[in-house]
$ cat query-v6.csv   # CSV, C-alpha atoms
chain,number,residue,atom,x,y,z
A,1,MET,CA,-30.2,-27.9,-29.0
A,2,ASN,CA,-28.5,-26.5,-25.9
A,3,LYS,CA,-28.3,-27.5,-22.2
A,4,LYS,CA,-31.4,-25.5,-21.2
A,5,GLU,CA,-33.5,-27.3,-23.8
A,6,VAL,CA,-32.1,-30.7,-22.7
A,7,GLN,CA,-32.9,-29.8,-19.0
A,8,GLU,CA,-36.4,-28.8,-19.9
A,9,LEU,CA,-37.0,-32.3,-21.4
A,10,ARG,CA,-35.3,-34.1,-18.5
A,11,ARG,CA,-37.5,-32.3,-16.0
A,12,ARG,CA,-40.5,-34.1,-17.6
A,13,PHE,CA,-39.2,-37.5,-16.6
A,14,ARG,CA,-41.2,-37.7,-13.4
A,15,LYS,CA,-44.7,-38.9,-12.6
A,16,GLU,CA,-46.4,-35.6,-12.1
A,17,LYS,CA,-45.0,-34.2,-15.4
A,18,SER,CA,-44.8,-37.2,-17.7
A,19,THR,CA,-47.1,-37.7,-20.7
A,20,ILE,CA,-45.2,-40.7,-22.1
A,21,ARG,CA,-47.7,-42.8,-24.0
A,22,LYS,CA,-46.0,-45.9,-25.3
A,23,MET,CA,-42.8,-47.8,-24.4
A,24,CYS,CA,-41.4,-50.5,-26.7
A,25,GLY,CA,-38.3,-52.7,-26.4
A,26,CYS,CA,-36.3,-55.3,-28.2
A,27,TYR,CA,-34.0,-57.6,-26.2
A,28,VAL,CA,-30.9,-58.6,-28.1
A,29,ASN,CA,-28.1,-61.1,-27.3
A,30,GLY,CA,-24.4,-60.8,-28.0
A,31,ASP,CA,-24.8,-62.5,-31.3
A,32,GLY,CA,-27.2,-59.9,-32.6
A,33,GLN,CA,-30.3,-62.1,-32.3
A,34,GLN,CA,-33.6,-60.8,-31.0
A,35,ILE,CA,-34.6,-62.7,-27.9
A,36,THR,CA,-38.0,-61.0,-27.4
A,37,SER,CA,-39.8,-57.7,-28.0
A,38,PHE,CA,-42.6,-55.9,-26.1
A,39,ARG,CA,-44.9,-52.9,-26.1
A,40,GLU,CA,-46.3,-51.3,-22.9
A,41,THR,CA,-48.7,-48.5,-22.1
A,42,PHE,CA,-46.4,-46.5,-19.8
A,43,ALA,CA,-49.1,-45.2,-17.5
A,44,MET,CA,-50.1,-48.8,-16.7
A,45,LEU,CA,-46.7,-49.6,-15.1
A,46,SER,CA,-46.4,-49.5,-11.4
A,47,GLU,CA,-45.1,-46.3,-9.8
A,48,GLU,CA,-41.9,-48.1,-8.8
A,49,GLU,CA,-41.3,-49.3,-12.3
A,50,GLN,CA,-42.0,-45.8,-13.8
A,51,ASP,CA,-39.5,-44.3,-11.3
A,52,LYS,CA,-36.8,-46.8,-12.4
A,53,TYR,CA,-37.4,-46.0,-16.1
A,54,PHE,CA,-37.4,-42.3,-15.4
A,55,GLU,CA,-33.9,-42.6,-14.0
A,56,ILE,CA,-32.8,-44.5,-17.1
A,57,PHE,CA,-34.4,-41.9,-19.4
A,58,LYS,CA,-32.6,-39.1,-17.5
A,59,LYS,CA,-29.3,-40.8,-17.9
A,60,GLY,CA,-29.8,-40.8,-21.7
A,61,MET,CA,-29.8,-37.0,-21.6
A,62,SER,CA,-27.0,-36.4,-19.1
A,63,GLY,CA,-23.5,-35.0,-19.3
A,64,THR,CA,-22.2,-32.0,-21.2
A,65,PHE,CA,-22.3,-31.0,-24.8
A,66,GLY,CA,-19.2,-32.0,-26.7
A,67,HIS,CA,-18.4,-34.7,-24.2
A,68,ASN,CA,-21.5,-36.9,-23.8
A,69,LEU,CA,-24.1,-35.0,-25.9
A,70,PHE,CA,-23.9,-34.2,-29.6
A,71,CYS,CA,-26.3,-32.6,-32.1
A,72,THR,CA,-26.0,-34.6,-35.3
A,73,GLN,CA,-27.3,-33.7,-38.7
A,74,PHE,CA,-28.7,-36.3,-41.2
A,75,GLY,CA,-26.5,-36.8,-44.2
A,76,GLU,CA,-25.7,-39.3,-46.9
A,77,ILE,CA,-24.9,-42.9,-45.9
A,78,GLN,CA,-22.4,-45.1,-47.7
A,79,ASP,CA,-21.5,-48.7,-47.1
A,80,ALA,CA,-18.0,-50.2,-47.3
A,81,GLU,CA,-18.4,-50.6,-51.1
A,82,GLY,CA,-19.4,-46.9,-51.5
A,83,ASN,CA,-23.1,-47.7,-52.2
A,84,THR,CA,-25.5,-45.0,-50.8
A,85,GLY,CA,-28.3,-45.8,-48.5
A,86,ASP,CA,-31.1,-44.2,-46.5
A,87,ASN,CA,-30.4,-42.6,-43.1
A,88,LEU,CA,-32.8,-43.0,-40.2
A,89,GLN,CA,-34.6,-39.7,-40.7
A,90,GLU,CA,-37.6,-41.2,-42.6
A,91,LEU,CA,-37.8,-44.2,-40.3
A,92,PHE,CA,-37.7,-42.0,-37.2
A,93,LEU,CA,-40.6,-39.9,-38.7
A,94,LYS,CA,-42.6,-43.1,-39.2
A,95,LEU,CA,-42.0,-44.2,-35.7
A,96,ARG,CA,-43.0,-40.9,-34.3
A,97,ASP,CA,-46.1,-40.5,-36.4
A,98,SER,CA,-47.3,-44.1,-35.7
A,99,GLY,CA,-46.9,-43.6,-32.0
A,100,LEU,CA,-44.8,-46.8,-31.8
A,101,GLU,CA,-48.0,-48.8,-32.8
A,102,ASP,CA,-46.8,-50.2,-36.1
A,103,ASP,CA,-45.0,-53.6,-35.7
A,104,GLY,CA,-43.5,-53.5,-39.1
A,105,ILE,CA,-41.9,-50.1,-38.6
A,106,LEU,CA,-40.6,-51.2,-35.2
A,107,ASP,CA,-39.0,-54.4,-36.6
A,108,GLU,CA,-37.3,-52.4,-39.4
A,109,PHE,CA,-35.9,-50.0,-36.9
A,110,TYR,CA,-34.7,-52.8,-34.6
A,111,GLU,CA,-32.9,-54.5,-37.5
A,112,ARG,CA,-31.2,-51.3,-38.5
A,113,VAL,CA,-29.9,-50.5,-35.0
A,114,ILE,CA,-28.8,-54.1,-34.4
A,115,ARG,CA,-26.7,-54.1,-37.6
A,116,ALA,CA,-25.1,-50.8,-36.8
A,117,TYR,CA,-24.5,-51.2,-33.1
A,118,GLY,CA,-22.7,-54.6,-33.1
A,119,TYR,CA,-22.7,-54.8,-29.2
A,120,ARG,CA,-21.0,-58.0,-28.1
A,121,ASP,CA,-23.2,-58.6,-24.9
A,122,ASN,CA,-26.9,-58.6,-24.2
A,123,TYR,CA,-28.7,-55.3,-24.5
A,124,LEU,CA,-32.1,-53.7,-24.8
A,125,ILE,CA,-33.2,-51.3,-27.5
A,126,LEU,CA,-35.7,-49.2,-25.5
A,127,LEU,CA,-38.1,-46.8,-27.3
A,128,ILE,CA,-40.5,-44.3,-25.9
A,129,HIS,CA,-43.0,-41.9,-27.6
A,130,ASP,CA,-44.1,-38.7,-26.0
A,131,SER,CA,-46.0,-35.5,-26.9
A,132,TYR,CA,-45.2,-32.3,-25.0
A,133,ASP,CA,-47.4,-29.2,-25.1
A,134,VAL,CA,-44.6,-26.7,-25.0
A,135,PRO,CA,-45.6,-23.8,-22.7
A,136,GLN,CA,-45.0,-20.2,-23.8
A,137,ARG,CA,-42.5,-18.2,-21.8
A,138,THR,CA,-42.5,-14.6,-20.8
A,139,ARG,CA,-39.4,-12.5,-21.3
A,140,ASP,CA,-38.2,-13.1,-17.8
A,141,GLY,CA,-38.4,-16.9,-18.3
A,142,TYR,CA,-41.7,-17.6,-16.5
A,143,GLU,CA,-43.6,-20.5,-18.1
A,144,MET,CA,-47.3,-20.1,-18.9
A,145,GLU,CA,-48.6,-23.6,-18.6
A,146,ASP,CA,-52.1,-22.7,-20.0
A,147,ALA,CA,-50.6,-21.0,-23.0
A,148,SER,CA,-49.2,-23.6,-25.4
A,149,GLU,CA,-49.1,-23.2,-29.2
A,150,ASP,CA,-46.6,-26.0,-30.1
A,151,VAL,CA,-46.7,-29.7,-29.5
A,152,TYR,CA,-43.3,-31.4,-29.5
A,153,SER,CA,-43.8,-35.0,-30.5
A,154,TYR,CA,-40.7,-37.2,-30.2
A,155,VAL,CA,-39.1,-40.6,-30.0
A,156,PHE,CA,-36.3,-41.5,-27.6
A,157,CYS,CA,-34.2,-44.5,-28.3
A,158,LEU,CA,-31.9,-45.9,-25.5
A,159,LEU,CA,-29.4,-48.7,-25.9
A,160,CYS,CA,-29.0,-50.3,-22.4
A,161,PRO,CA,-26.8,-53.2,-21.4
A,162,VAL,CA,-28.4,-56.1,-19.7
A,163,ASN,CA,-26.0,-57.8,-17.2
A,164,LEU,CA,-26.2,-60.7,-14.7
A,165,THR,CA,-26.4,-59.6,-11.1
A,166,ASP,CA,-23.9,-60.9,-8.6
A,167,TYR,CA,-24.8,-63.6,-6.0
A,168,ASP,CA,-25.9,-62.0,-2.7
A,169,ILE,CA,-26.6,-63.4,0.7
A,170,CYS,CA,-30.0,-62.2,1.8
A,171,TYR,CA,-32.6,-62.9,4.5
A,172,ASP,CA,-35.2,-65.5,3.4
A,173,ALA,CA,-38.4,-64.9,5.4
A,174,GLN,CA,-39.8,-68.3,4.7
A,175,SER,CA,-36.9,-70.3,6.1
A,176,HIS,CA,-35.9,-67.6,8.6
A,177,SER,CA,-32.3,-67.8,7.4
A,178,PHE,CA,-29.8,-66.1,5.1
A,179,ARG,CA,-29.6,-67.7,1.6
A,180,ASN,CA,-27.9,-67.1,-1.7
A,181,THR,CA,-30.2,-65.1,-4.1
A,182,ASN,CA,-30.6,-66.2,-7.7
A,183,ARG,CA,-28.7,-64.2,-10.3
A,184,ARG,CA,-31.0,-62.1,-12.5
A,185,TRP,CA,-30.6,-60.2,-15.7
A,186,LYS,CA,-30.6,-56.5,-14.8
A,187,LEU,CA,-31.3,-53.6,-17.0
A,188,GLU,CA,-28.4,-51.0,-16.7
A,189,VAL,CA,-28.3,-47.3,-17.6
A,190,PRO,CA,-27.8,-46.6,-21.3
A,191,MET,CA,-24.5,-46.6,-23.0
A,192,HIS,CA,-25.9,-44.7,-26.0
A,193,ALA,CA,-29.1,-42.9,-26.9
A,194,MET,CA,-30.8,-40.9,-29.7
A,195,LEU,CA,-33.5,-38.3,-29.4
A,196,PHE,CA,-35.6,-37.4,-32.5
A,197,PRO,CA,-36.4,-34.8,-33.5
A,198,MET,CA,-34.1,-32.4,-31.8
A,199,PHE,CA,-35.8,-29.8,-29.5
A,200,THR,CA,-34.1,-26.7,-31.0
A,201,ASP,CA,-35.4,-23.3,-29.9
A,202,ARG,CA,-38.0,-25.3,-28.0
A,203,MET,CA,-39.5,-26.5,-31.3
A,204,SER,CA,-39.2,-29.7,-33.4
A,205,ASP,CA,-36.1,-29.9,-35.6
A,206,ILE,CA,-36.2,-32.9,-37.9
A,207,SER,CA,-32.8,-32.0,-39.5
A,208,GLY,CA,-31.0,-34.2,-37.0
A,209,ALA,CA,-31.0,-36.1,-33.7
A,210,LEU,CA,-29.5,-35.5,-30.3
A,211,PHE,CA,-26.9,-38.3,-29.6
A,212,TYR,CA,-25.8,-39.4,-26.1
A,213,SER,CA,-22.7,-41.5,-25.2
A,214,LYS,CA,-22.0,-42.5,-21.6
A,215,ASP,CA,-18.3,-42.9,-22.4
A,216,ALA,CA,-17.0,-39.6,-23.9
A,217,LYS,CA,-14.1,-41.6,-25.4
A,218,ASP,CA,-16.5,-44.1,-27.1
A,219,ILE,CA,-19.0,-42.1,-29.1
A,220,ARG,CA,-19.4,-44.8,-31.7
A,221,THR,CA,-18.8,-42.8,-34.8
A,222,ASP,CA,-19.2,-45.9,-36.9
A,223,MET,CA,-22.8,-46.4,-35.6
A,224,LEU,CA,-23.6,-42.7,-36.3
A,225,ALA,CA,-22.2,-42.9,-39.8
A,226,ALA,CA,-24.4,-46.0,-40.5
A,227,LEU,CA,-27.6,-44.6,-38.9
A,228,ILE,CA,-27.4,-40.8,-39.2
A,229,GLY,CA,-24.9,-40.3,-42.1
A,230,SER,CA,-23.7,-37.0,-40.7
A,231,ILE,CA,-20.1,-35.8,-40.3
A,232,THR,CA,-19.6,-37.7,-37.1
A,233,PRO,CA,-18.6,-35.7,-33.9
A,234,ILE,CA,-15.1,-35.8,-32.6
A,235,SER,CA,-14.5,-36.9,-29.0
A,236,ALA,CA,-13.2,-34.4,-26.4
A,237,GLN,CA,-9.8,-36.2,-26.4
A,238,GLY,CA,-9.8,-36.2,-30.2
A,239,GLN,CA,-10.5,-32.5,-30.3
A,240,ARG,CA,-7.7,-31.8,-27.9
A,241,GLU,CA,-5.2,-33.8,-30.0
A,242,ILE,CA,-6.3,-32.0,-33.2
A,243,PHE,CA,-5.9,-28.6,-31.6
A,244,GLY,CA,-2.5,-29.5,-30.2
A,245,ALA,CA,-1.4,-30.6,-33.7
A,246,ILE,CA,-2.7,-27.4,-35.2
A,247,VAL,CA,-0.9,-25.2,-32.7
A,248,GLU,CA,2.4,-27.2,-32.9
A,249,GLU,CA,2.5,-27.1,-36.7
A,250,THR,CA,1.3,-23.5,-37.0
A,251,LEU,CA,4.2,-22.5,-34.7
A,252,GLY,CA,6.6,-24.4,-36.9
A,253,GLY,CA,7.5,-26.9,-34.2
A,254,GLN,CA,8.8,-24.0,-32.0
A,255,CYS,CA,6.0,-24.0,-29.5
A,256,GLU,CA,7.1,-22.7,-26.0
A,257,TYR,CA,5.5,-22.8,-22.6
A,258,ASP,CA,4.5,-19.1,-22.8
A,259,ASP,CA,2.7,-19.7,-26.1
A,260,VAL,CA,0.5,-22.3,-24.5
A,261,ARG,CA,-0.1,-20.2,-21.4
A,262,ASN,CA,-1.1,-17.2,-23.5
A,263,ILE,CA,-3.6,-19.4,-25.5
A,264,GLN,CA,-5.1,-20.7,-22.3
A,265,ASP,CA,-5.4,-17.1,-20.9
A,266,THR,CA,-7.1,-15.9,-24.1
A,267,LEU,CA,-9.4,-18.9,-24.1
A,268,ASN,CA,-10.4,-18.3,-20.4
A,269,ASP,CA,-11.2,-14.7,-21.3
A,270,ARG,CA,-13.5,-15.8,-24.1
A,271,LEU,CA,-15.2,-18.3,-21.8
A,272,GLU,CA,-15.8,-15.6,-19.2
A,273,GLU,CA,-17.4,-13.3,-21.8
A,274,CYS,CA,-20.0,-15.9,-22.8
A,275,LYS,CA,-20.5,-17.7,-19.5
A,276,GLU,CA,-24.2,-16.7,-19.4
A,277,SER,CA,-24.9,-18.3,-22.9
A,278,PRO,CA,-26.6,-21.7,-22.8
A,279,ASP,CA,-24.6,-22.7,-25.9
A,280,PRO,CA,-21.1,-24.0,-25.6
A,281,LEU,CA,-18.3,-21.8,-27.0
A,282,VAL,CA,-17.0,-23.4,-30.2
A,283,PHE,CA,-14.4,-22.2,-32.8
A,284,SER,CA,-14.7,-22.4,-36.5
A,285,LYS,CA,-11.6,-22.3,-38.7
A,286,ALA,CA,-11.7,-18.5,-38.9
A,287,GLU,CA,-12.4,-18.1,-35.2
A,288,LEU,CA,-9.5,-20.4,-34.3
A,289,SER,CA,-7.1,-18.4,-36.4
A,290,GLU,CA,-8.4,-15.2,-34.6
A,291,LEU,CA,-7.8,-17.0,-31.2
A,292,LEU,CA,-4.2,-17.7,-32.0
A,293,ALA,CA,-3.6,-14.1,-33.3
A,294,ASP,CA,-5.1,-12.7,-30.1
A,295,SER,CA,-2.8,-15.0,-28.1
A,296,GLY,CA,0.3,-13.5,-29.6
A,297,VAL,CA,1.1,-15.9,-32.4
A,298,SER,CA,3.0,-13.9,-35.1
A,299,GLN,CA,1.6,-13.2,-38.5
A,300,GLU,CA,4.6,-15.1,-40.0
A,301,ASN,CA,3.5,-18.2,-38.2
A,302,LEU,CA,-0.2,-17.6,-38.9
A,303,GLN,CA,0.6,-17.8,-42.6
A,304,ARG,CA,0.9,-21.6,-42.1
A,305,PHE,CA,-2.5,-21.9,-40.3
A,306,ASP,CA,-4.8,-22.5,-43.3
A,307,ALA,CA,-2.7,-25.3,-44.8
A,308,VAL,CA,-2.1,-26.9,-41.4
A,309,TYR,CA,-5.8,-26.8,-40.5
A,310,ASP,CA,-6.9,-28.3,-43.8
A,311,ALA,CA,-4.4,-31.1,-43.4
A,312,VAL,CA,-5.5,-32.0,-39.9
A,313,LEU,CA,-9.3,-31.4,-40.5
A,314,PRO,CA,-10.1,-31.9,-44.2
A,315,LYS,CA,-13.8,-31.4,-43.4
A,316,GLU,CA,-14.1,-28.4,-41.2
A,317,GLN,CA,-15.7,-29.1,-37.8
A,318,PRO,CA,-16.1,-26.7,-34.9
A,319,LEU,CA,-13.9,-27.4,-31.9
A,320,GLN,CA,-15.4,-26.8,-28.4
A,321,ALA,CA,-13.4,-24.5,-26.1
A,322,THR,CA,-13.7,-26.7,-23.1
A,323,ASN,CA,-12.4,-29.7,-25.1
A,324,ILE,CA,-9.3,-28.2,-26.8
A,325,ILE,CA,-7.4,-27.2,-23.7
A,326,ASN,CA,-7.7,-27.7,-20.0
A,327,THR,CA,-9.1,-24.4,-18.9
A,328,LYS,CA,-9.0,-25.2,-15.2
A,329,LYS,CA,-5.3,-25.9,-14.9
A,330,MET,CA,-1.9,-25.6,-16.7
A,331,GLU,CA,-0.3,-29.0,-16.8
A,332,VAL,CA,3.4,-29.7,-17.6
A,333,LYS,CA,4.4,-33.4,-18.2
A,334,LEU,CA,7.8,-35.0,-18.4
A,335,GLU,CA,8.7,-38.7,-18.1
A,336,GLY,CA,7.4,-39.7,-14.7
A,337,ILE,CA,6.8,-36.1,-13.6
A,338,THR,CA,3.7,-33.9,-13.7
A,339,VAL,CA,3.5,-30.3,-12.6
A,340,SER,CA,0.1,-28.6,-12.6
A,341,ALA,CA,-1.0,-25.0,-11.7
A,342,LYS,CA,-4.2,-23.0,-11.6
A,343,PRO,CA,-4.4,-20.6,-14.6
A,344,GLU,CA,-3.9,-17.6,-12.3
A,345,ARG,CA,-0.7,-19.1,-11.0
A,346,ALA,CA,0.7,-20.4,-14.3
A,347,ARG,CA,2.8,-17.3,-14.8
A,348,LEU,CA,5.0,-18.4,-11.9
A,349,ILE,CA,6.3,-21.3,-14.0
A,350,LYS,CA,9.1,-20.4,-16.4
A,351,THR,CA,11.5,-22.1,-18.7
A,352,GLN,CA,15.2,-21.2,-18.3
A,353,VAL,CA,18.6,-22.3,-19.4
A,354,ILE,CA,20.7,-23.2,-16.4
A,355,ASP,CA,24.3,-24.6,-16.8
A,356,GLY,CA,23.5,-25.2,-20.5
A,357,ARG,CA,20.4,-27.2,-19.9
A,358,ASN,CA,16.7,-26.3,-20.5
A,359,CYS,CA,15.0,-26.3,-17.1
A,360,LEU,CA,11.5,-25.7,-15.7
A,361,VAL,CA,11.7,-23.1,-12.9
A,362,ILE,CA,9.2,-22.4,-10.2
A,363,PRO,CA,10.2,-19.6,-7.7
A,364,ILE,CA,9.4,-20.5,-4.1
A,365,ASP,CA,10.9,-17.6,-2.2
A,366,ASP,CA,7.7,-16.7,-0.3
A,367,GLU,CA,5.8,-19.9,-0.8
A,368,GLU,CA,5.0,-22.8,1.5
A,369,VAL,CA,6.3,-26.0,-0.1
A,370,PHE,CA,5.1,-29.5,0.8
A,371,VAL,CA,6.5,-32.8,-0.4
A,372,ASN,CA,4.4,-35.8,0.4
A,373,GLY,CA,2.6,-33.6,2.9
A,374,ILE,CA,5.8,-32.6,4.7
A,375,ALA,CA,6.8,-28.9,4.8
A,376,ILE,CA,10.2,-28.2,3.4
A,377,THR,CA,12.5,-25.2,3.4
A,378,GLY,CA,13.2,-23.1,0.3
A,379,GLY,CA,16.1,-23.7,-2.1
A,380,ALA,CA,18.6,-21.4,-0.4
A,381,PRO,CA,21.7,-23.3,0.6
A,382,LYS,CA,22.1,-24.1,4.3
A,383,THR,CA,24.9,-22.3,6.2
A,384,GLU,CA,27.0,-23.7,8.9
A,385,ASP,CA,27.4,-21.9,12.2

$ encode --input "query-v6.csv" --output "structure tokens"
Amino acid sequence: MNKKEVQELRRRFRKEKSTIRKMCGCYVNGDGQQITSFRETFAMLSEEEQDKYFEIFKKGMSGTFGHNLFCTQFGEIQDAEGNTGDNLQELFLKLRDSGLEDDGILDEFYERVIRAYGYRDNYLILLIHDSYDVPQRTRDGYEMEDASEDVYSYVFCLLCPVNLTDYDICYDAQSHSFRNTNRRWKLEVPMHAMLFPMFTDRMSDISGALFYSKDAKDIRTDMLAALIGSITPISAQGQREIFGAIVEETLGGQCEYDDVRNIQDTLNDRLEECKESPDPLVFSKAELSELLADSGVSQENLQRFDAVYDAVLPKEQPLQATNIINTKKMEVKLEGITVSAKPERARLIKTQVIDGRNCLVIPIDDEEVFVNGIAITGGAPKTED
């Protein structure tokens, strides 16, 4: 899936577009015990309730690929003892084909999710089923609503925290005074979500599921391993750390400021070339080696690349361009000091040996310089009259 396909589905989460049939839920406490479960005909909800749920559904498909959204592929599941098990693919298919009407299948799904999720506070497992008559598109992108050949039938699972509201002082019409309101358990936006099947090339793709994580640093790889069984995605921060280790080791621990700046420049050029593509720019092992070569890394250093990559990433996984380096600014950090520059200004910053010490140098001859918002003069020594 790509961002255009996600946006197409998100646009359906409004009253005039929605064809959601059933909505089910299982309310779970912090001990993993089921408090209650329910099933609703979505169209029977009030307009206000539908609008609230639409906002929750949209949140479960928000963010960017590689940060909050991940395409996962079903694979083999193993428990702690190495015993193999079944992933959720078959169970997802049963949920979809039953239209969320089979209590036995729902109970089995809830139990699997509860065991894998292990959330320590109250939460709701929310499920919807929908069938979308996918309209054909002309070459210029115009949708022909009356020309549909494919029906995309899917299940969307959202894991939403349920938290107590704060006390509020509100006006009470009966007593004509302001009173404390009672605290209530409020359904929050999802922390995680799974869409099955994926909507790839605007068609059903049962090979995997789209996974959402509100927190890009907490993508719950343990849960994905237990439910999907795929090679779990690496967080944006994790990808950056992996890329940094690969660059440092490939350069033999002799990585300099200009090396990083050249890599950033090359990366920004690649991003500019593919900015019209709906798919994020990712690098395989071979493409990453090519990126370093195009950035000026010597052939001598590149001879280390294969061994370094295999040591850092034993199972090859693509790394996303916008994750592996900050493409919007160059940032230099020392203890208690941070210097940042836009990519087009990064060449002003240089490293230089002064009085026998390695120094970071920024020429300011013709520049306005501000410290704490106060304009200061350049570095030329003051002369006395």

$ atom_distance --input "query-v6.csv" --atom1 "atom CA of Asn2 of chain A" --atom2 "atom CA of Lys315 of chain A"
23.4 Å

$ closest_residue --input "query-v6.csv" --among "A:Ala216, A:Val282, A:Ile105, A:Leu88" --to "Met194 of chain A" --atoms "all atoms listed in the file"
A:Leu88

$ closest_residue --input "query-v6.csv" --among "A:Arg96, A:Arg202, A:Lys333, A:Lys58" --to "Ser131 of chain A" --atoms "all atoms listed in the file"
A:Arg96

$ residues_around --input "query-v6.csv" --residues "Gly118 of chain A" --least-positions-apart "2" --cutoff "12 Å" --atoms "only C-alpha atoms" --output "PyMOL selection string"
chain A and resi 28-33+111-116+120-123+159+220+222-223+226

$ residues_around --input "query-v6.csv" --residues "segment 232-238 of chain A" --least-positions-apart "6" --cutoff "9 Å" --atoms "only C-alpha atoms" --output "PyMOL selection string"
chain A and resi 66-68+70-73+216-222+224-225+317+319-320+322-324

$ atom_distance --input "query-v6.csv" --atom1 "atom CA of Ile325 of chain A" --atom2 "atom CA of Ser295 of chain A"
13.8 Å

$ atom_distance --input "query-v6.csv" --atom1 "atom CA of Gly75 of chain A" --atom2 "atom CA of Ile206 of chain A"
12.2 Å

$ closest_residue --input "query-v6.csv" --among "A:Gly244, A:Gly373, A:Gly229, A:Gly296" --to "Gln89 of chain A" --atoms "all atoms listed in the file"
A:Gly229

$ closest_residue --input "query-v6.csv" --among "A:Ser213, A:Ser289, A:Asn326, A:Gln352" --to "Glu241 of chain A" --atoms "all atoms listed in the file"
A:Asn326

$ closest_residue --input "query-v6.csv" --among "A:Gln34, A:Lys285, A:Asp168, A:Phe156" --to "Leu313 of chain A" --atoms "only C-alpha atoms"
A:Lys285

$ residues_near_point --input "query-v6.csv" --point "(0.9, -16.8, -34.5)" --cutoff "12 Å" --atoms "all atoms listed in the file" --output "MDAnalysis selection string"
chainID A and resid 246:252 254:255 259:260 262:263 288:306

$ residues_near_point --input "query-v6.csv" --point "(5.5, -31.7, -12.8)" --cutoff "12 Å" --atoms "all atoms listed in the file" --output "list in words"
Met330, Glu331, Val332, Lys333, Leu334, Glu335, Gly336, Ile337, Thr338, Val339, Ser340, Ala341, Ile349, Cys359, Leu360, Val361 and Ile362 of chain A

$ closest_residue --input "query-v6.csv" --among "A:Ile125, A:Leu348, A:Leu9, A:Val308" --to "Phe54 of chain A" --atoms "all atoms listed in the file"
A:Leu9

$ residues_around --input "query-v6.csv" --residues "Glu55 of chain A" --least-positions-apart "3" --cutoff "12 Å" --atoms "all atoms listed in the file" --output "ChimeraX atom specification"
/A:10-15,48-52,58-62,187-190

$ write_last_selection --input "query-v6.csv" --atoms "C-alpha atoms" --output "mmCIF file, in the frame of the given file"
data_model
loop_
_atom_site.group_PDB
_atom_site.id
_atom_site.type_symbol
_atom_site.label_atom_id
_atom_site.label_comp_id
_atom_site.auth_asym_id
_atom_site.auth_seq_id
_atom_site.Cartn_x
_atom_site.Cartn_y
_atom_site.Cartn_z
ATOM 1 C CA ARG A 10 -35.300 -34.100 -18.500
ATOM 2 C CA ARG A 11 -37.500 -32.300 -16.000
ATOM 3 C CA ARG A 12 -40.500 -34.100 -17.600
ATOM 4 C CA PHE A 13 -39.200 -37.500 -16.600
ATOM 5 C CA ARG A 14 -41.200 -37.700 -13.400
ATOM 6 C CA LYS A 15 -44.700 -38.900 -12.600
ATOM 7 C CA GLU A 48 -41.900 -48.100 -8.800
ATOM 8 C CA GLU A 49 -41.300 -49.300 -12.300
ATOM 9 C CA GLN A 50 -42.000 -45.800 -13.800
ATOM 10 C CA ASP A 51 -39.500 -44.300 -11.300
ATOM 11 C CA LYS A 52 -36.800 -46.800 -12.400
ATOM 12 C CA LYS A 58 -32.600 -39.100 -17.500
ATOM 13 C CA LYS A 59 -29.300 -40.800 -17.900
ATOM 14 C CA GLY A 60 -29.800 -40.800 -21.700
ATOM 15 C CA MET A 61 -29.800 -37.000 -21.600
ATOM 16 C CA SER A 62 -27.000 -36.400 -19.100
ATOM 17 C CA LEU A 187 -31.300 -53.600 -17.000
ATOM 18 C CA GLU A 188 -28.400 -51.000 -16.700
ATOM 19 C CA VAL A 189 -28.300 -47.300 -17.600
ATOM 20 C CA PRO A 190 -27.800 -46.600 -21.300
#
